[in-house]
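In what follows, a single structure is set out as structure tokens and then discussed.
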Amino acid sequence: MALYFTPLVSRLSGCHRGNFTRNCGSCYRACTLDFTSVLSQGASRSGDGSTSQTDRWLGDRDRGRLVLRGASVTSPAAARRPAASSGQPSQQARSLWQQLPRQLPPRTSPLSAKMAASCVRTVGSFLGKCMTCSSSINTVATQVLLSRQVCVSSALCRKNLAAAGPEKFTLEYIQKQVEEYEIGKRHLANMMGEDPENFTQEDIDRSITYLFPSGLFEKTARPLMKHPDEIFPKQRAVQWGADGRPFHFLFYTGKQSYYSLMHDLYGKILKIEKHQDRLRAKGLFSQDAQLISLGPSRWLTKEELELLLVETISTHDYDRFIKLMEHMLCMPYSSTEEEFVQRYRRLLEAQSLKQLVPLLEKDENGVAFSTAEGRRKTSDSSVILRDCGSGHITVNGQDYLQYFPVLQDREQLMFPLQFMGVLGRFNLECKVSGGGRSSQAGALRLAISRALLSFLSEGDGEAMRQAGLLTPDPRVRERKKPGQEGARRKFTWKKR
Amino acid sequence: MAVRALTRGLLGFRYSRAATVASPCGGHHYVTAPSAKPPQPQAGDVTEKILNQPLEKADFFRVAELFSLKDLFDARVHLGHKKGCRHRLMEPYLYGCRLDHDIINLDQTMEHLQLALNFTAHIAYRGGIILFVSRRRQFGHLVETTAKDCGEYAHTRYWQGGLLTNANIQYGPGVRLPDLIIFLSTLNNVFQQHVGIRDAAKMNIPTVGVVDSNCNPSLVTYPVPGNDDTPAAVELYCRLFKMTINRAKDRRKQMELIHDVPSSSWKTDFNEATKNFH
């Protein structure tokens, strides 16, 4: 099953491609994140004999060299000296290596759970390489060879990772990932006891949240299992055939998709102009005919266009594209190309301008009433507005004068009714919980305004909306940040 | 006998003879049966014949029939720029100057255009990549459409510096560069010589270029003195090049059908050519 985690240290995938002896200080430091846990396990298993060795290994970390030492060897020259206990260090070395588990121990910390599958594989292959080379170590000479080879300066093998650009995946790799995903999906379905044939993406998401519960706030950092097409960025396949001839006629421009789009667009403009000329020749041309109706939509953003074309575009190019599109839209008789234009437009999320008016019900006495809810900060309230004509107000069973001793809160409660001039008409039965006194009053005010909508006309409702009575207040308490005393207040600045 | 057969093989003779090879082995003579004729050497031989046949005649593709002097005159190919814009190296190609306007010698244009079209036809016949280049905004769409109709390539946009000289890094390793570049206007938007002419010369790519009276014809392999500003002239050039290329490609298909060669064989000319270099 291919589970994808955002890689904690992406450099790892670059470092372990070479053989074991080529080591950089940087990746060695990163490796020890895995190796400390592994070695501690190995050390505990082997007993006291190799603990000293482990300590010596870890002590070399800050010098950035991975040196495997015997019991008494301090330098390569010393290592060359045939020691009396020459057999023992190698034996100890071998025992340490052989005790390293073939696979990494199961992860429990969330930090380690962030290693990418590829990183795990490369570290695993690293271990495999260690095993193969350790099995061949039998003599002091080879041990000397090992310790000599490994003393390489990190500057020699540090790769310019920034210049390599984004990581490129081969087609075979992606196909393998797709196969693994399909097999893993079926395994997951079996695990959850569901039908492997009809296991949809929602089921997968549900199962993953169940099996790997994560408390992380950042949704994109949580474990996910999606089809590789959605995870790996789309890449260009090889652009030419077996004979070397490129497939696209604008290949040699460098930006074939973008220029082909501009070419098509210009072709459409020419077509519209020819159509106009033909109509003019017949005498049927009219200036104000048939502009494209676009509706509530916007142009594709630069990023979306880049995704569509699978190619990077500069802002200049993007602006030229938009200008040409606008030019085409301004021409009369451009509605013939509407379908082409709509491909490069996205619908705006339409804000519903209509307020949801609560239903007007009648209880057993024939009194009309309506119910509405309101929220403010952490308070929740619900209000039943009865068209009695008495003007009684109850909050949580108590009289409103008792519940809200402060005038300000009572004013908040009354404001919607006073604004509409219906102060004595309605009976209010309110329930409120959570928050403090001011936020409870605000929640009640919103609920009363909403409930009032069902008794009023559209014009009155619009007046209420413009007064701000129907807008829920989005303000919530801002969290305190570390390094500051409060949300905004900083600690007192001291000059020295 | 065996030695002769070996040397013949080394010289590249593709004919396999049914030869009886006597191999003495401990006094006994063993005679091997005649070997069966493999069909592959025959295909290679036929491909060579197909490739060499057009080289035997002068105007194999009959490109001279595609246009006449009157067509050139009607398309206003003879109209050059004003006397002040004249390039010194274009003086041999000019017929004269009338009221400060340079007139291009259409007889010379005829010869040069025939040579250029003939060369293009031969390149297209051999499956070469042809790149149409023009930096004139008026004719960009026309040039791209022409290239698309021929099945060849076009570049009428901003020329990035390393397109030819840094191709392996810009496009990817193992890219194939154009075998011919046709310039429908050798100047760029600021009236300087197009960078592609110099780059093609650097990369040993032959060029065909329509040179007006203000252009430098020295680096162009097959210059065609003529007007590059009038739409009629440029449409004429595009039409002529399209017809030549299509004609050459059709001729190639015909030859392959006649000699019963599978059509994919000629498309792998490039791979075979590069193999010989390794």
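By convention here, the chains of the structure tokens are called A, B, ... in the order presented, each chain's residues are numbered starting at 1, and ligands are numbered starting at 1 in the order presented.
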
Would you pick out the contacts of Ser334 in chain A at 8 Å or less, using only C-alpha atoms, so that residues sharing its chain but fewer than 6 positions from it are not included, and give the list as a count of residues only? 5

Chain A contacts to chain B at 8 Å (only C-alpha atoms) as number ranges by chain: A: 240, 242-245, 248-254, 263, 266-267

Within range 35-183 of chain B, find each residue whose DSSP state, derived from the backbone, is alpha helix (DSSP H), and express the selection as a PyMOL selection string. chain B and resi 40-52+69-74+106-125+140-150+167-170

Just the residues within 12 Å of Val310 in chain A, please, counting only C-alpha atoms, with nothing from its chain fewer than 6 positions along; format it as a list in words. Pro233, Lys234, Gln235, Arg236, Ala237, Lys255, Gln256, Ser257, Tyr258, Lys302, Glu303 and Glu304 of chain A

The selected residues should be written to file as an mmCIF file, in the first residue's frame (atoms: all heavy atoms).
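Written output follows (result-v2.cif):
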data_model
loop_
_atom_site.group_PDB
_atom_site.id
_atom_site.type_symbol
_atom_site.label_atom_id
_atom_site.label_comp_id
_atom_site.auth_asym_id
_atom_site.auth_seq_id
_atom_site.Cartn_x
_atom_site.Cartn_y
_atom_site.Cartn_z
ATOM 1 N N PRO A 233 2.719 15.736 -9.725
ATOM 2 C CA PRO A 233 2.354 16.775 -10.690
ATOM 3 C C PRO A 233 2.454 16.247 -12.111
ATOM 4 O O PRO A 233 3.270 15.390 -12.408
ATOM 5 C CB PRO A 233 3.395 17.875 -10.436
ATOM 6 C CG PRO A 233 4.530 17.186 -9.813
ATOM 7 C CD PRO A 233 3.980 16.025 -9.044
ATOM 8 N N LYS A 234 1.584 16.777 -12.952
ATOM 9 C CA LYS A 234 1.583 16.309 -14.347
ATOM 10 C C LYS A 234 2.883 16.721 -15.014
ATOM 11 O O LYS A 234 3.325 17.852 -14.881
ATOM 12 C CB LYS A 234 0.415 16.957 -15.107
ATOM 13 C CG LYS A 234 -0.881 16.287 -14.859
ATOM 14 C CD LYS A 234 -1.788 16.364 -16.099
ATOM 15 C CE LYS A 234 -3.162 15.892 -15.758
ATOM 16 N NZ LYS A 234 -4.083 16.970 -15.393
ATOM 17 N N GLN A 235 3.463 15.774 -15.747
ATOM 18 C CA GLN A 235 4.734 16.057 -16.414
ATOM 19 C C GLN A 235 4.610 15.776 -17.881
ATOM 20 O O GLN A 235 3.796 15.003 -18.314
ATOM 21 C CB GLN A 235 5.823 15.168 -15.846
ATOM 22 C CG GLN A 235 6.376 15.683 -14.560
ATOM 23 C CD GLN A 235 7.286 14.686 -13.934
ATOM 24 O OE1 GLN A 235 7.248 13.511 -14.258
ATOM 25 N NE2 GLN A 235 8.107 15.130 -13.036
ATOM 26 N N ARG A 236 5.522 16.384 -18.600
ATOM 27 C CA ARG A 236 5.540 16.168 -20.034
ATOM 28 C C ARG A 236 6.235 14.856 -20.356
ATOM 29 O O ARG A 236 7.339 14.607 -19.888
ATOM 30 C CB ARG A 236 6.331 17.294 -20.696
ATOM 31 C CG ARG A 236 5.555 18.562 -20.820
ATOM 32 C CD ARG A 236 4.934 18.616 -22.190
ATOM 33 N NE ARG A 236 4.199 19.826 -22.378
ATOM 34 C CZ ARG A 236 4.762 21.000 -22.624
ATOM 35 N NH1 ARG A 236 6.076 21.092 -22.710
ATOM 36 N NH2 ARG A 236 4.032 22.065 -22.789
ATOM 37 N N ALA A 237 5.614 14.079 -21.202
ATOM 38 C CA ALA A 237 6.302 12.894 -21.716
ATOM 39 C C ALA A 237 7.293 13.357 -22.781
ATOM 40 O O ALA A 237 7.337 14.524 -23.129
ATOM 41 C CB ALA A 237 5.286 11.942 -22.318
ATOM 42 N N LYS A 255 7.670 26.968 -25.895
ATOM 43 C CA LYS A 255 6.423 27.012 -25.115
ATOM 44 C C LYS A 255 5.283 26.596 -26.032
ATOM 45 O O LYS A 255 4.484 27.401 -26.480
ATOM 46 C CB LYS A 255 6.154 28.443 -24.617
ATOM 47 C CG LYS A 255 7.216 28.951 -23.693
ATOM 48 C CD LYS A 255 6.781 30.257 -23.081
ATOM 49 C CE LYS A 255 7.527 31.403 -23.691
ATOM 50 N NZ LYS A 255 7.332 32.648 -22.963
ATOM 51 N N GLN A 256 5.261 25.302 -26.370
ATOM 52 C CA GLN A 256 4.372 24.883 -27.450
ATOM 53 C C GLN A 256 2.898 25.023 -27.086
ATOM 54 O O GLN A 256 2.102 25.460 -27.922
ATOM 55 C CB GLN A 256 4.686 23.459 -27.875
ATOM 56 C CG GLN A 256 4.499 22.456 -26.772
ATOM 57 C CD GLN A 256 4.911 21.077 -27.222
ATOM 58 O OE1 GLN A 256 6.002 20.886 -27.744
ATOM 59 N NE2 GLN A 256 4.034 20.131 -27.025
ATOM 60 N N SER A 257 2.507 24.656 -25.846
ATOM 61 C CA SER A 257 1.077 24.701 -25.514
ATOM 62 C C SER A 257 0.574 26.126 -25.516
ATOM 63 O O SER A 257 -0.490 26.417 -26.065
ATOM 64 C CB SER A 257 0.803 24.095 -24.146
ATOM 65 O OG SER A 257 1.620 23.015 -23.917
ATOM 66 N N TYR A 258 1.347 27.021 -24.906
ATOM 67 C CA TYR A 258 0.905 28.408 -24.818
ATOM 68 C C TYR A 258 0.806 29.025 -26.209
ATOM 69 O O TYR A 258 -0.198 29.648 -26.550
ATOM 70 C CB TYR A 258 1.881 29.209 -23.946
ATOM 71 C CG TYR A 258 1.645 30.687 -24.013
ATOM 72 C CD1 TYR A 258 0.536 31.259 -23.398
ATOM 73 C CD2 TYR A 258 2.507 31.515 -24.708
ATOM 74 C CE1 TYR A 258 0.299 32.611 -23.483
ATOM 75 C CE2 TYR A 258 2.271 32.868 -24.791
ATOM 76 C CZ TYR A 258 1.176 33.411 -24.183
ATOM 77 O OH TYR A 258 0.950 34.747 -24.284
ATOM 78 N N LYS A 302 -3.545 32.599 -13.490
ATOM 79 C CA LYS A 302 -2.297 32.176 -14.140
ATOM 80 C C LYS A 302 -1.943 30.748 -13.726
ATOM 81 O O LYS A 302 -1.516 29.932 -14.558
ATOM 82 C CB LYS A 302 -1.191 33.151 -13.753
ATOM 83 C CG LYS A 302 0.121 32.848 -14.405
ATOM 84 C CD LYS A 302 1.051 34.035 -14.260
ATOM 85 C CE LYS A 302 2.478 33.588 -14.369
ATOM 86 N NZ LYS A 302 3.177 33.151 -13.228
ATOM 87 N N GLU A 303 -2.143 30.427 -12.435
ATOM 88 C CA GLU A 303 -1.792 29.086 -11.950
ATOM 89 C C GLU A 303 -2.671 28.026 -12.601
ATOM 90 O O GLU A 303 -2.209 26.949 -12.992
ATOM 91 C CB GLU A 303 -1.945 29.000 -10.423
ATOM 92 C CG GLU A 303 -0.857 29.709 -9.632
ATOM 93 C CD GLU A 303 -1.011 31.209 -9.683
ATOM 94 O OE1 GLU A 303 -2.159 31.683 -9.782
ATOM 95 O OE2 GLU A 303 0.010 31.912 -9.655
ATOM 96 N N GLU A 304 -3.973 28.367 -12.738
ATOM 97 C CA GLU A 304 -4.895 27.398 -13.345
ATOM 98 C C GLU A 304 -4.538 27.187 -14.807
ATOM 99 O O GLU A 304 -4.606 26.064 -15.318
ATOM 100 C CB GLU A 304 -6.342 27.898 -13.210
ATOM 101 C CG GLU A 304 -6.870 27.773 -11.799
ATOM 102 C CD GLU A 304 -8.187 28.508 -11.614
ATOM 103 O OE1 GLU A 304 -8.616 29.236 -12.534
ATOM 104 O OE2 GLU A 304 -8.776 28.369 -10.537
#

As a VMD selection string, which residues of range 27-184 of chain B does DSSP assign to strand (DSSP E)? chain B and resid 28 to 31 79 to 82 94 to 98 101 to 104 130 to 133 153 to 155 180 to 183

Which is closer to Tyr237 in chain B than all the others in B:Asp71, B:Glu91, B:Asp100, B:Asp107, using only C-alpha atoms? B:Asp71

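Every protein, DNA or RNA residue with an atom at most 12 Å from Leu106 in chain B, where only C-alpha atoms count and chain neighbours fewer than 4 positions away do not, is listed here: B:Ser68, B:Leu69, B:Lys70, B:Asp71, B:Leu72, B:Phe73, B:Asp74, B:Ala75, B:Arg76, B:Val77, B:His78, B:Leu79, B:Gly80, B:Tyr93, B:Leu94, B:Tyr95, B:Gly96, B:Met110, B:Glu111, B:His112, B:Leu113, B:Gln114, B:Val224, B:Pro225, B:Gly226, B:Asn227.
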
I'd like the contact shell of Leu356 in chain A - 12 Å cut-off, only C-alpha atoms, skipping same-chain residues fewer than 4 positions apart - returned as a PyMOL selection string. chain A and resi 352+372-373+449-454+458+461+470

Pick from B:Cys85, B:Val143, B:Ile181, B:Met203 nearest to Phe119 in chain B, counting only C-alpha atoms: B:Ile181
